[in-house]
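Below you'll find the structure, written out as structure tokens, and then a few comments.
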Amino acid sequence: MAFPKNLQFIRAQAGITQEQLAEQLEVSRQSVSKWEGGQSFPEMDTLLRICDLYDVNLDTLLRGSVEESRVEDTARYDQFMTRFARRMALAIGGIIAGVGLCGLLDARRIPEMLTSSAVLLIITICVVVIVATCIQYENFRRRYPVIADFYPQEEKDAFHQKFVWYITGGVGTILFGVTLLMLFFSVFPEQEPYESYGVSLFLLMIAGAVTSFVYAGINDEKYKIWKYNRDNNPTPEAKRRLNLIGTIQAAMMTVVTAVYVGLGLSLDLWRTTWWIFAVGGILCGVVSIVLDPYKGEE
């Protein structure tokens with residue numbers, strides 16, 4: 001019978017245990033174990049629920065091969081995730097680049113109102129792109145809760161080799177920027193407009209490094225389809241934790257953006273308070289680690 005093998009494949013693709021699948025179907029873990037062992041068979045309502053949860057045809061589930069039916073990227077997952085990574089990386093790096101641009105405009109003695117307006121416009125565009133991209137991602141996840149792992153191992157290995165260069169390149173850019181900044185001030189005095197030029201160029205290099213980090217990180221997650229499936233089909237407890245993490249992180253970054261804009265408009269601290277975005281990102285990471293519902297799992 002094909003059903004036991006198909007059920008095992010579906011569960012493995014989703015990255016969940018028998019107990020987690022049982023919670024989703026509102027049955028006991030022993031029932032799932034018996035189904036996978038071919039010792040018993042679920043009721044029709046349960047079969048239809050499996051089809052709905054994991055986007056599989058009933059006939060394929062019972063008599064065909066779910067694995068063979070999912071050899072292609074029919075959802076265009078790779079194209080979507082690559083575009084998602086590019087937009088997020090450019091938008092996040094764009095915020096830092098905007099702060100760097102502020103210093104260059106100051107050094108060129110552009111009126112303060114125009115400088116503040118330009119930086120605020122850049123930040124607004126980047127934030128809108130981030131929000132819109134995240135909404136598109138959530139819509140994609142709802143439409144395709146389960147994706148078959150269609151990536152060949154050779155492609156995964158090839159990306160992991162590139163991933164090393166993305167990360168080391170970003171780190172190297174930051175270290176080179178620090179060295180260049182020190183050399184710059186060893187030649188030019190630490191006063192305006194040289195100070196603005198030096199710090200602004202350094203921030204532009206930081207923006208490039210951050211863009212590389214974000215792009216590489218999201219693409220690395222792209223290949224972990226088992227994690228994508230697991231996160232899209234969480235247990236009730238895991239779902240509560242994930243919602244809590246998202247709410248806290250959204251609140252943190254909203255406050256960080258409001259504080260930065262407020263200090264920039266009221267005290268003209270556009271160039272000196274950019275670091276609060278880094279602090280906000282670190283705090284968001286801490287929240288994810290502390291509240292991670294899958295902590296300790298492979």
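Numbering starts fresh at 1 for the residues of each chain in the structure tokens, the chains themselves are lettered A, B, ... in the order given, and ligands are numbered from 1 as they appear.
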Report the closest atom pair, with its distance in Å rounded to one decimal, for each residue of stretch 218-268 of chain A that has an atom no farther than 10 Å from stretch 5-12 of chain A; count only C-alpha atoms, sort by chain and then rising residue number, and write it as a Markdown table.
| residue | atom | partner | partner_atom | distance |
| --- | --- | --- | --- | --- |
| A:Trp226 | CA | A:Ala12 | CA | 7.6 |
| A:Asn229 | CA | A:Arg11 | CA | 9.4 |
| A:Arg230 | CA | A:Arg11 | CA | 9.3 |
Dump of C-alpha atoms for the selected residues, as a tab-separated table (two decimals), in the first residue's frame:
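part03.tsv written:
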chain	number	residue	atom	x	y	z
A	226	TRP	CA	12.46	21.19	5.88
A	229	ASN	CA	7.70	23.29	6.05
A	230	ARG	CA	8.09	22.92	9.79
Sorted per-residue table, stretch 203-279 of chain A near stretch 111-118 of chain A, closest atoms and distance, 10 Å, only C-alpha atoms, as CSV:
residue,atom,partner,partner_atom,distance
A:Val261,CA,A:Ser116,CA,9.5
A:Gly264,CA,A:Ser116,CA,7.6
A:Leu265,CA,A:Ser116,CA,7.2
A:Asp268,CA,A:Ser116,CA,8.0
A:Leu269,CA,A:Ser116,CA,9.9
A:Trp270,CA,A:Ser116,CA,7.8
Every residue of stretch 56-260 of chain A that DSSP places in helix (DSSP H, G or I), as an MDAnalysis selection string
chainID A and resid 58:63 66:69 77:107 112:143 153:187 194:222 225:232 236:260
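Note that atom CA of A:Phe84 and atom CA of A:Gln136 are 8.7 Å apart.
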Residue with the minimum atom-to-atom distance to A:Phe277, picked from A:Arg241, A:Ala258, A:Asp220, A:Gly103 with only C-alpha atoms counted, is A:Ala258
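The protein and nucleic acid residues lying at most 12 Å from A:Gly172 are A:Val164, A:Trp165, A:Tyr166, A:Val178, A:Thr179, A:Leu180, A:Met205, A:Ile206, A:Gly208, A:Ala209, A:Val210, A:Ser212, A:Phe213, with only C-alpha atoms considered and sequence neighbours fewer than 6 positions away removed.
For the pair atom CA of A:Ile125 and atom CA of A:Asp231, the interatomic distance is 29.1 Å.
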